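Text of query00.csv (CSV, C-alpha atoms and all ligand atoms) as supplied:
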```csv
chain,number,residue,atom,x,y,z
H,574,MET,CA,9.5,-16.8,7.7
H,575,ASN,CA,10.3,-15.5,4.3
H,576,ILE,CA,7.3,-13.4,3.2
H,577,LEU,CA,8.1,-11.9,-0.2
H,578,SER,CA,5.3,-9.3,-0.7
H,579,LEU,CA,1.7,-8.3,-0.4
H,580,GLY,CA,0.0,-10.4,-3.0
H,581,TYR,CA,-3.7,-9.7,-2.9
H,582,VAL,CA,-6.5,-8.1,-0.8
H,583,GLY,CA,-10.1,-9.0,-0.2
H,584,ILE,CA,-12.6,-6.2,0.4
H,585,SER,CA,-16.1,-6.1,1.9
H,586,THR,CA,-18.8,-3.8,0.6
H,587,ASP,CA,-22.5,-3.2,0.4
H,588,ARG,CA,-22.0,-0.9,-2.6
H,589,LEU,CA,-20.7,-3.2,-5.4
H,590,ASP,CA,-21.7,-0.9,-8.3
H,591,ASP,CA,-19.9,2.1,-6.6
H,592,TRP,CA,-16.8,-0.1,-6.3
H,593,LEU,CA,-16.9,-0.9,-10.0
H,594,ASP,CA,-17.1,2.8,-10.8
H,595,TYR,CA,-14.4,3.7,-8.3
H,596,GLY,CA,-12.1,0.8,-9.2
H,597,VAL,CA,-12.3,1.2,-13.0
H,598,ASN,CA,-12.9,4.9,-13.6
H,599,LEU,CA,-10.8,6.5,-10.9
H,600,LEU,CA,-8.1,3.9,-9.9
H,601,GLY,CA,-7.8,2.5,-13.5
H,602,LEU,CA,-8.0,-1.2,-12.4
H,603,GLN,CA,-9.2,-3.8,-14.8
H,604,GLN,CA,-12.5,-5.4,-14.0
H,605,VAL,CA,-12.6,-9.2,-14.3
H,606,ASP,CA,-14.9,-12.0,-13.1
H,607,ARG,CA,-18.1,-9.9,-12.3
H,608,SER,CA,-20.8,-11.9,-10.5
H,609,ARG,CA,-23.9,-10.9,-8.5
H,610,ARG,CA,-21.9,-11.2,-5.2
H,611,GLY,CA,-18.5,-9.8,-6.2
H,612,VAL,CA,-16.0,-8.5,-8.6
H,613,ALA,CA,-12.3,-9.1,-9.1
H,614,PHE,CA,-9.8,-6.5,-10.3
H,615,ARG,CA,-6.4,-6.9,-12.1
H,616,MET,CA,-3.6,-4.3,-11.8
H,617,ASP,CA,-0.8,-6.2,-13.6
H,618,ASP,CA,-0.1,-9.6,-15.2
H,619,ARG,CA,-1.7,-11.5,-12.4
H,620,LEU,CA,-5.3,-12.9,-12.7
H,621,GLN,CA,-6.5,-11.0,-9.7
H,622,ARG,CA,-5.1,-8.6,-7.1
H,623,LEU,CA,-8.3,-7.3,-5.4
H,624,HIS,CA,-11.5,-9.2,-4.8
H,625,VAL,CA,-14.5,-7.1,-3.7
H,626,GLU,CA,-17.4,-9.0,-2.3
H,627,ASP,CA,-20.9,-7.7,-1.6
H,628,ASP,CA,-21.3,-9.1,2.0
H,629,GLY,CA,-23.1,-6.1,3.5
H,630,LEU,CA,-20.0,-5.1,5.5
H,631,GLU,CA,-17.3,-2.4,5.0
H,632,GLY,CA,-13.5,-2.8,5.2
H,633,CYS,CA,-11.1,-5.6,4.3
H,634,ARG,CA,-11.8,-9.3,4.6
H,635,PHE,CA,-8.4,-10.7,4.1
H,636,PHE,CA,-4.8,-9.9,3.2
H,637,GLY,CA,-2.7,-12.4,1.1
H,638,TRP,CA,1.0,-12.4,1.6
H,639,GLU,CA,3.2,-14.3,-0.8
H,640,LEU,CA,5.7,-17.1,0.1
H,641,PRO,CA,8.3,-18.5,-2.3
H,642,GLY,CA,6.8,-22.0,-2.7
H,643,ALA,CA,5.0,-25.1,-1.3
H,644,GLU,CA,7.9,-25.9,1.0
H,645,ALA,CA,7.9,-22.4,2.5
H,646,LEU,CA,4.2,-22.6,3.0
H,647,ASP,CA,4.4,-26.0,4.9
H,648,HIS,CA,7.3,-24.6,7.0
H,649,ALA,CA,5.3,-21.4,7.8
H,650,ALA,CA,2.2,-23.5,8.9
H,651,ALA,CA,4.4,-25.7,11.2
H,652,GLU,CA,6.1,-22.6,12.7
H,653,LEU,CA,2.8,-20.9,13.4
H,654,GLU,CA,1.4,-24.0,15.0
H,655,THR,CA,4.4,-24.4,17.2
H,656,GLN,CA,3.7,-20.9,18.5
H,657,GLY,CA,0.1,-21.9,19.3
H,658,ILE,CA,-1.6,-20.2,16.4
H,659,LYS,CA,-4.5,-22.0,14.9
H,660,VAL,CA,-3.8,-22.5,11.2
H,661,ASN,CA,-6.4,-23.4,8.6
H,662,ARG,CA,-5.1,-25.3,5.6
H,663,GLY,CA,-6.1,-27.7,2.9
H,664,TYR,CA,-8.7,-25.8,0.9
H,665,PRO,CA,-8.2,-26.4,-2.8
H,666,ALA,CA,-11.5,-24.7,-3.6
H,667,LEU,CA,-10.4,-21.5,-1.7
H,668,ALA,CA,-7.0,-21.6,-3.5
H,669,ALA,CA,-8.9,-21.7,-6.8
H,670,GLN,CA,-11.0,-18.7,-5.8
H,671,ARG,CA,-7.8,-16.8,-4.8
H,672,ARG,CA,-6.1,-17.8,-8.1
H,673,VAL,CA,-3.1,-19.3,-6.3
H,674,ALA,CA,-1.6,-22.8,-6.0
H,675,ASP,CA,-2.2,-23.2,-2.3
H,676,LEU,CA,-2.8,-21.1,0.9
H,677,ILE,CA,-3.2,-21.2,4.6
H,678,TYR,CA,-5.0,-18.7,6.8
H,679,PHE,CA,-5.2,-17.6,10.4
H,680,PHE,CA,-6.0,-14.4,12.4
H,681,ASP,CA,-3.8,-11.8,13.9
H,682,PRO,CA,-4.3,-10.6,17.5
H,683,ALA,CA,-6.7,-7.9,16.3
H,684,GLY,CA,-8.8,-10.4,14.3
H,685,ASN,CA,-7.6,-9.5,10.8
H,686,ARG,CA,-7.6,-12.5,8.5
H,687,VAL,CA,-4.1,-13.2,7.3
H,688,GLU,CA,-3.5,-15.5,4.3
H,689,LEU,CA,-0.2,-16.9,3.2
H,690,PHE,CA,0.0,-18.3,-0.3
H,691,HIS,CA,2.4,-19.4,-3.0
H,692,GLU,CA,2.3,-19.2,-6.8
H,693,ALA,CA,-0.3,-16.7,-8.0
H,694,GLN,CA,-1.8,-17.4,-11.5
H,695,VAL,CA,-0.7,-15.2,-14.3
H,696,ALA,CA,-3.2,-14.1,-17.0
H,697,ASP,CA,-2.6,-15.0,-20.7
H,698,THR,CA,-3.8,-11.6,-21.8
H,699,PRO,CA,-2.0,-8.2,-21.1
H,700,PHE,CA,-3.3,-5.9,-18.4
H,701,SER,CA,-5.8,-3.5,-19.8
H,702,PRO,CA,-6.4,-0.5,-17.5
H,703,GLY,CA,-9.8,0.9,-16.8
H,704,ARG,CA,-8.6,4.4,-17.8
H,705,ALA,CA,-5.6,5.6,-19.7
H,706,ILE,CA,-2.8,5.0,-17.1
H,707,SER,CA,0.7,3.7,-17.6
H,708,GLY,CA,0.1,0.8,-15.1
H,709,PHE,CA,1.0,0.0,-11.5
H,710,ARG,CA,4.4,-0.6,-10.0
H,711,THR,CA,4.1,-4.2,-8.5
H,712,GLY,CA,6.4,-7.2,-9.4
H,713,PRO,CA,8.7,-8.1,-6.5
H,714,LEU,CA,7.5,-5.1,-4.5
H,715,GLY,CA,3.9,-6.5,-4.3
H,716,LEU,CA,0.6,-4.8,-5.0
H,717,GLY,CA,1.5,-1.8,-2.7
H,718,HIS,CA,1.0,-1.4,1.0
H,719,VAL,CA,-1.7,-1.7,3.6
H,720,VAL,CA,-2.1,0.4,6.6
H,721,LEU,CA,-4.2,-0.9,9.5
H,722,THR,CA,-5.6,1.0,12.4
H,723,ALA,CA,-5.0,-0.4,15.8
H,724,GLU,CA,-6.4,0.2,19.3
H,725,ARG,CA,-2.8,-0.1,20.7
H,726,ILE,CA,0.1,-0.7,18.3
H,727,GLU,CA,2.0,-2.6,21.1
H,728,ASP,CA,-0.7,-5.3,21.1
H,729,ILE,CA,-0.3,-6.2,17.4
H,730,LEU,CA,3.3,-5.3,16.4
H,731,PRO,CA,5.1,-8.3,18.1
H,732,PHE,CA,2.9,-10.7,16.1
H,733,TYR,CA,4.0,-9.2,12.7
H,734,ARG,CA,7.7,-8.6,13.7
H,735,ASP,CA,8.4,-11.7,15.8
H,736,VAL,CA,6.1,-14.3,14.4
H,737,LEU,CA,5.8,-13.3,10.7
H,738,GLY,CA,9.2,-11.7,10.3
H,739,PHE,CA,8.3,-8.2,9.2
H,740,GLN,CA,11.2,-5.7,9.7
H,741,LEU,CA,10.7,-2.2,11.2
H,742,SER,CA,11.3,0.6,8.7
H,743,ASP,CA,10.7,3.6,11.0
H,744,TYR,CA,8.0,5.1,13.3
H,745,ALA,CA,6.3,8.4,14.2
H,746,LEU,CA,5.0,9.4,17.6
H,747,ARG,CA,3.4,12.7,16.5
H,748,PRO,CA,0.9,13.9,15.3
H,749,PHE,CA,-0.3,10.3,15.6
H,750,LYS,CA,1.5,7.1,16.5
H,751,ALA,CA,2.5,5.0,13.4
H,752,PHE,CA,4.9,2.1,12.7
H,753,PHE,CA,6.1,1.1,9.2
H,754,LEU,CA,7.3,-2.4,8.3
H,755,HIS,CA,9.0,-3.9,5.3
H,756,VAL,CA,9.4,-7.3,3.7
H,757,ASN,CA,11.2,-6.3,0.5
H,758,ALA,CA,12.7,-3.2,-1.1
H,759,ARG,CA,9.4,-1.3,-0.8
H,760,HIS,CA,9.9,1.1,2.2
H,761,HIS,CA,6.8,-0.4,3.8
H,762,SER,CA,4.4,-3.1,2.8
H,763,LEU,CA,2.5,-2.8,6.1
H,764,ALA,CA,2.0,-0.1,8.7
H,765,PHE,CA,-0.1,0.6,11.8
H,766,VAL,CA,-1.7,3.8,12.8
H,767,GLU,CA,-3.0,4.1,16.4
H,768,THR,CA,-6.5,5.5,16.3
H,769,GLY,CA,-8.1,3.7,19.2
H,770,ARG,CA,-10.1,1.3,17.0
H,771,LYS,CA,-9.2,-1.6,14.8
H,772,GLY,CA,-9.8,-1.5,11.0
H,773,VAL,CA,-8.2,-0.6,7.7
H,774,HIS,CA,-6.8,2.8,7.2
H,775,HIS,CA,-5.7,2.6,3.6
H,776,LEU,CA,-4.3,0.6,0.7
H,777,MET,CA,-1.5,2.2,-1.3
H,778,MET,CA,-1.2,1.7,-5.1
H,779,GLU,CA,1.9,3.0,-6.8
H,780,LEU,CA,1.6,4.3,-10.4
H,781,MET,CA,4.4,4.1,-13.0
H,782,ASN,CA,3.9,7.7,-14.1
H,783,PHE,CA,3.6,10.9,-12.1
H,784,ASP,CA,0.8,12.2,-14.4
H,785,ASP,CA,-1.3,9.1,-13.7
H,786,VAL,CA,-1.5,10.4,-10.1
H,787,GLY,CA,-2.2,14.0,-11.1
H,788,GLN,CA,-5.0,13.0,-13.5
H,789,GLY,CA,-6.4,10.7,-10.8
H,790,TYR,CA,-6.3,13.7,-8.4
H,791,ASP,CA,-8.4,15.7,-10.9
H,792,LEU,CA,-10.9,12.9,-11.1
H,793,ALA,CA,-11.1,12.5,-7.3
H,794,THR,CA,-11.6,16.2,-6.7
H,795,MET,CA,-14.6,16.1,-9.1
H,796,ARG,CA,-16.3,13.6,-6.7
H,797,SER,CA,-17.9,15.3,-3.8
H,798,GLY,CA,-16.2,14.6,-0.5
H,799,ASN,CA,-13.8,12.0,-2.0
H,800,ILE,CA,-10.4,13.5,-0.9
H,801,GLY,CA,-9.1,11.9,2.3
H,802,ALA,CA,-5.8,13.7,2.1
H,803,THR,CA,-4.7,16.3,-0.4
H,804,LEU,CA,-1.7,15.9,-2.7
H,805,GLY,CA,1.5,15.7,-0.7
H,806,ARG,CA,4.8,13.9,-0.3
H,807,HIS,CA,5.8,11.5,2.5
H,808,THR,CA,8.9,11.9,4.6
H,809,ASN,CA,9.7,8.2,4.8
H,810,ASP,CA,9.0,6.5,1.5
H,811,PHE,CA,9.2,9.8,-0.5
H,812,MET,CA,5.9,8.9,-2.2
H,813,THR,CA,4.0,11.8,-3.8
H,814,SER,CA,0.3,10.9,-3.4
H,815,PHE,CA,-3.2,11.7,-2.5
H,816,TYR,CA,-5.8,9.7,-0.6
H,817,SER,CA,-9.4,9.2,-1.7
H,818,TRP,CA,-12.3,7.4,0.0
H,819,THR,CA,-13.3,4.0,-1.3
H,820,PRO,CA,-17.0,3.0,-1.1
H,821,SER,CA,-15.9,0.7,1.8
H,822,LYS,CA,-15.1,3.7,4.1
H,823,PHE,CA,-11.3,3.2,4.0
H,824,MET,CA,-8.9,5.1,1.7
H,825,VAL,CA,-6.7,4.3,-1.3
H,826,GLU,CA,-3.4,6.2,-1.4
H,827,TYR,CA,-2.6,6.7,-5.0
H,828,GLY,CA,1.1,7.5,-5.4
H,829,TRP,CA,4.2,7.8,-7.5
H,830,GLY,CA,8.0,7.8,-6.9
H,831,GLY,CA,8.3,5.5,-3.8
H,832,ARG,CA,11.9,4.9,-2.8
H,833,GLU,CA,13.6,1.5,-2.7
H,834,ILE,CA,15.5,0.5,0.5
H,835,ASP,CA,18.2,-2.1,1.1
H,836,PRO,CA,16.6,-4.3,3.8
H,837,ALA,CA,20.0,-5.8,4.8
H,838,ALA,CA,21.5,-2.4,5.6
H,839,TRP,CA,18.4,-0.5,6.8
H,840,GLN,CA,18.4,1.2,10.2
H,841,PRO,CA,15.0,2.3,11.6
H,842,GLU,CA,14.6,5.8,13.0
H,843,GLU,CA,11.9,8.1,14.5
H,844,LEU,CA,10.2,10.4,12.0
H,845,VAL,CA,10.5,13.7,13.9
H,846,TYR,CA,9.1,15.9,11.1
H,847,GLY,CA,5.9,13.9,10.9
H,848,PRO,CA,4.6,11.8,8.0
H,849,SER,CA,4.7,14.4,5.2
H,850,LEU,CA,7.2,16.9,3.8
H,851,TRP,CA,4.4,19.0,2.4
H,852,GLY,CA,0.7,18.6,1.6
H,853,HIS,CA,-1.4,15.6,2.7
H,854,ASP,CA,-3.8,17.8,4.6
H,855,ARG,CA,-5.8,15.0,6.4
H,856,THR,CA,-9.6,15.4,6.5
H,857,TRP,CA,-9.7,12.2,8.6
H,858,LEU,CA,-7.9,13.8,11.6
H,859,ASP,CA,-9.6,15.7,14.3
H,860,ASP,CA,-9.0,19.5,14.3
H,861,ALA,CA,-6.2,19.5,17.0
H,862,ARG,CA,-4.1,16.8,15.3
H,863,ARG,CA,-4.7,18.2,11.9
H,864,ALA,CA,-3.4,21.5,13.1
H,865,GLU,CA,-0.4,19.7,14.7
H,866,ALA,CA,0.3,17.9,11.5
H,867,ARG,CA,0.2,21.3,9.7
H,868,GLU,CA,2.7,22.8,12.2
H,869,MET,CA,5.1,19.8,11.7
H,870,ARG,CA,5.0,20.3,7.9
H,871,LEU,CA,5.8,24.0,8.4
H,872,ASP,CA,8.7,23.0,10.7
H,873,ALA,CA,10.0,20.6,7.9
H,874,ALA,CA,9.7,23.5,5.4
H,875,ARG,CA,11.5,26.0,7.7
H,876,ALA,CA,14.3,23.4,8.2
H,877,GLY,CA,14.6,23.1,4.4
H,878,ARG,CA,13.8,19.4,4.4
H,879,ARG,CA,13.7,17.9,0.9
H,880,GLU,CA,14.4,14.6,-0.7
H,881,ARG,CA,15.5,13.5,-4.2
H,882,VAL,CA,12.9,12.5,-6.7
H,883,GLN,CA,12.9,8.7,-7.2
H,884,VAL,CA,12.5,7.8,-10.9
H,885,LEU,CA,12.4,4.7,-13.1
H,886,GLU,CA,14.6,4.3,-16.0
H,887,GLY,CA,12.8,5.6,-19.1
H,888,ASN,CA,10.2,7.9,-17.5
H,889,HIS,CA,12.4,10.9,-17.0
H,890,SER,CA,14.8,13.2,-18.9
H,891,VAL,CA,18.0,14.6,-17.5
H,892,MET,CA,18.1,18.4,-17.7
H,893,SER,CA,21.1,20.4,-18.7
H,894,GLY,CA,21.9,23.9,-17.4
H,895,GLN,CA,22.2,23.1,-13.7
H,896,CYS,CA,25.1,25.6,-13.5
H,897,ALA,CA,25.7,28.2,-16.2
H,898,TRP,CA,29.4,28.5,-15.3
H,899,TRP,CA,30.0,24.7,-15.5
H,900,ASP,CA,28.0,24.3,-18.7
H,901,ALA,CA,30.1,27.1,-20.3
H,902,MET,CA,33.3,25.4,-19.1
H,903,LYS,CA,32.2,22.1,-20.7
H,904,ARG,CA,31.3,23.8,-23.9
H,905,SER,CA,34.6,25.5,-24.1
H,906,GLY,CA,36.3,22.1,-23.9
O,1,FE,FE,0.5,5.0,2.8
```
Would you put the structure from the file into structure tokens?
Ligand SMILES: [Fe+2]
Amino acid sequence: MNILSLGYVGISTDRLDDWLDYGVNLLGLQQVDRSRRGVAFRMDDRLQRLHVEDDGLEGCRFFGWELPGAEALDHAAAELETQGIKVNRGYPALAAQRRVADLIYFFDPAGNRVELFHEAQVADTPFSPGRAISGFRTGPLGLGHVVLTAERIEDILPFYRDVLGFQLSDYALRPFKAFFLHVNARHHSLAFVETGRKGVHHLMMELMNFDDVGQGYDLATMRSGNIGATLGRHTNDFMTSFYSWTPSKFMVEYGWGGREIDPAAWQPEELVYGPSLWGHDRTWLDDARRAEAREMRLDAARAGRRERVQVLEGNHSVMSGQCAWWDAMKRSG
């Protein structure tokens, strides 16, 4: 199966007004299509990326993964049915709601609703962010990544790897068990954290500019109890980010500078220094694991672990003066 990227996410809430405030004023999403029951948000040229519905619940309702076209969608449905998975298809009204040409849906072994679609609708007006940010890094990398919690990762991983074709990026066994999977050059579009219960851990959104993240961090720290993990940098995708709590009791990771991988040449490995090079003090961990995570970061620091900054063309300047001797040599011709 040729999944291209994470296309859209559906969210449940019983606090729609709080979502509007959080989505627009903190994340910088563009509000569209407000109704009594729900609100849709844009984050790029597409008509909608997130759909939040007031259904009295908390968490995510569905995850939409993009396929290249109608033929790929038919092929995926047939493949899933061959493997004994009940596939629901043929819902033009639902496709219209999702703002896509067509979709199918089914459930993973943990009961998460997975949707496969093709051809998302594009808006005829430019993206207009809710606050003054430079925009989100999406395109072929998709809207970001989603991290699910699992009772036991072994029970759910084969479904995504063997049936849906996700590829393993890497994994950690301490301070908590986590597996990271990719479908494109984004280091991971999906991951699982073993917490002993199923649910959604976080959604990641990647900003185009580092200061968008820092200014978002300021805004999040002004909201009482809103920080889920402090500013820090990940060992595997090199993202500098912080985590804040959404009104639906999962987190959004708000980041900058994620690396791109070459899926054809990628070799998975164990993350022995834990998930972060520095920072990311996790308020959601119990005291023992939080202390273990801190120790692992100190080990990474003692070992001098560091990674190059990943930048986009046009949002950085190259410095001179890296070596006074060499610069003097160049000047002297
Ligand atoms: Fe993440």
Problem - Which of H:Gly847, H:Arg671, H:Leu804, H:Ala683 sits closest to H:Lys750 [using all atoms listed in the file] - result: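 Counting all atoms listed in the file, the residue closest to H:Lys750 is H:Gly847.
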Exercise for the section: Go through H:Ala650, H:Ala802, H:Leu623, H:Val825 one by one, measure the shortest atom-to-atom distance of each to H:Val719 using all atoms listed in the file, and give the residue with the smallest value. Expected result: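 The shortest atom-to-atom distance to H:Val719 comes from H:Val825.
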Closest contacts (chain H/ligand FE 1 (chain O), max 7 Å, all atoms listed in the file) as JSON lines:
```
{"residue": "H:His718", "atom": "CA", "partner": "O:FE1", "partner_atom": "FE", "distance": 6.7}
{"residue": "H:Val720", "atom": "CA", "partner": "O:FE1", "partner_atom": "FE", "distance": 6.5}
{"residue": "H:His775", "atom": "CA", "partner": "O:FE1", "partner_atom": "FE", "distance": 6.7}
{"residue": "H:Leu776", "atom": "CA", "partner": "O:FE1", "partner_atom": "FE", "distance": 6.8}
{"residue": "H:Met777", "atom": "CA", "partner": "O:FE1", "partner_atom": "FE", "distance": 5.4}
{"residue": "H:Glu826", "atom": "CA", "partner": "O:FE1", "partner_atom": "FE", "distance": 5.9}
```
Practice task
Please check which residues have atoms at most 8 Å from (5.8, 16.4, 2.3) in the file's coordinates, counting only C-alpha atoms, and write them as a list in words.
Solution key: Gly805, Arg806, His807, Thr808, Phe811, Thr813, Pro848, Ser849, Leu850, Trp851, Gly852, His853 and Arg870 of chain H
Problem - Residue among H:Asn809, H:Ser707, H:Gln694, H:Thr768 lying closest to H:Arg725, counting all atoms listed in the file - result: H:Thr768
Handout entry: Nearest candidate to H:Phe753 (options H:Val773, H:Leu844, H:Met902, H:Ile658; using all atoms listed in the file)
Key =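 Counting all atoms listed in the file, the residue closest to H:Phe753 is H:Leu844.
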Practice task
Fewer than 4 positions away in the same chain doesn't count, so skip those; otherwise give me all residues within 10 Å of H:Ile729, counting all atoms listed in the file, as a PyMOL selection string.
Solution key: chain H and resi 681-684+723-725+733-734+765
Problem - Given all atoms listed in the file as the counted atoms, nearest of H:Ala758, H:Thr819, H:Glu639, H:Leu780 to H:Asp590 - result: H:Thr819
Practice task
Mind giving me the straight-line distance from atom CA of H:Gly789 to atom CA of H:Tyr816 in Å, one decimal?
Solution key: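 According to the coordinates, atom CA of H:Gly789 and atom CA of H:Tyr816 are separated by 10.3 Å.
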Exercise for the section: Please measure the separation of atom CA of H:His691 and atom CA of H:Thr586, giving the value in Å to one decimal. Expected result: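 Separation between atom CA of H:His691 and atom CA of H:Thr586: 26.6 Å.
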Just so I have it separately, write stretch 739-759 of chain H from the block I sent, keeping N, CA and C atoms, as a tab-separated table (two decimals), in the first residue's frame.
```
chain	number	residue	atom	x	y	z
H	739	PHE	N	3.64	0.91	6.70
H	739	PHE	CA	4.51	1.89	7.36
H	739	PHE	C	5.89	1.25	7.59
H	740	GLN	N	6.93	2.07	7.53
H	740	GLN	CA	8.31	1.58	7.71
H	740	GLN	C	8.84	2.05	9.06
H	741	LEU	N	9.61	1.15	9.71
H	741	LEU	CA	10.17	1.50	11.02
H	741	LEU	C	11.30	2.52	10.87
H	742	SER	N	11.23	3.62	11.64
H	742	SER	CA	12.31	4.62	11.64
H	742	SER	C	13.32	4.27	12.73
H	743	ASP	N	12.87	4.17	13.97
H	743	ASP	CA	13.71	3.71	15.07
H	743	ASP	C	12.82	3.46	16.28
H	744	TYR	N	13.43	3.09	17.41
H	744	TYR	CA	12.63	2.76	18.59
H	744	TYR	C	13.44	3.01	19.85
H	745	ALA	N	12.72	3.22	20.95
H	745	ALA	CA	13.36	3.40	22.27
H	745	ALA	C	12.72	2.41	23.24
H	746	LEU	N	13.53	1.87	24.14
H	746	LEU	CA	13.00	0.97	25.17
H	746	LEU	C	13.00	1.64	26.54
H	747	ARG	N	13.77	2.71	26.70
H	747	ARG	CA	13.82	3.49	27.95
H	747	ARG	C	13.78	4.97	27.59
H	748	PRO	N	13.26	5.85	28.44
H	748	PRO	CA	12.59	5.60	29.72
H	748	PRO	C	11.16	5.09	29.54
H	749	PHE	N	10.68	5.05	28.29
H	749	PHE	CA	9.40	4.40	27.98
H	749	PHE	C	9.57	3.78	26.60
H	750	LYS	N	8.74	2.77	26.32
H	750	LYS	CA	8.86	2.06	25.05
H	750	LYS	C	8.14	2.87	23.96
H	751	ALA	N	8.85	3.15	22.85
H	751	ALA	CA	8.25	3.94	21.77
H	751	ALA	C	8.78	3.46	20.43
H	752	PHE	N	7.90	3.37	19.44
H	752	PHE	CA	8.28	2.96	18.08
H	752	PHE	C	7.84	4.05	17.11
H	753	PHE	N	8.74	4.41	16.18
H	753	PHE	CA	8.52	5.53	15.25
H	753	PHE	C	8.49	5.00	13.82
H	754	LEU	N	7.49	5.44	13.04
H	754	LEU	CA	7.27	4.89	11.69
H	754	LEU	C	7.16	6.01	10.66
H	755	HIS	N	7.65	5.74	9.43
H	755	HIS	CA	7.56	6.76	8.39
H	755	HIS	C	6.84	6.23	7.15
H	756	VAL	N	6.31	7.19	6.37
H	756	VAL	CA	5.72	6.88	5.06
H	756	VAL	C	6.30	7.79	3.98
H	757	ASN	N	7.09	8.78	4.38
H	757	ASN	CA	7.70	9.71	3.43
H	757	ASN	C	8.99	10.23	4.08
H	758	ALA	N	9.50	11.36	3.61
H	758	ALA	CA	10.79	11.85	4.12
H	758	ALA	C	10.71	12.43	5.53
H	759	ARG	N	9.51	12.64	6.05
H	759	ARG	CA	9.41	13.05	7.46
H	759	ARG	C	9.86	11.87	8.31
```
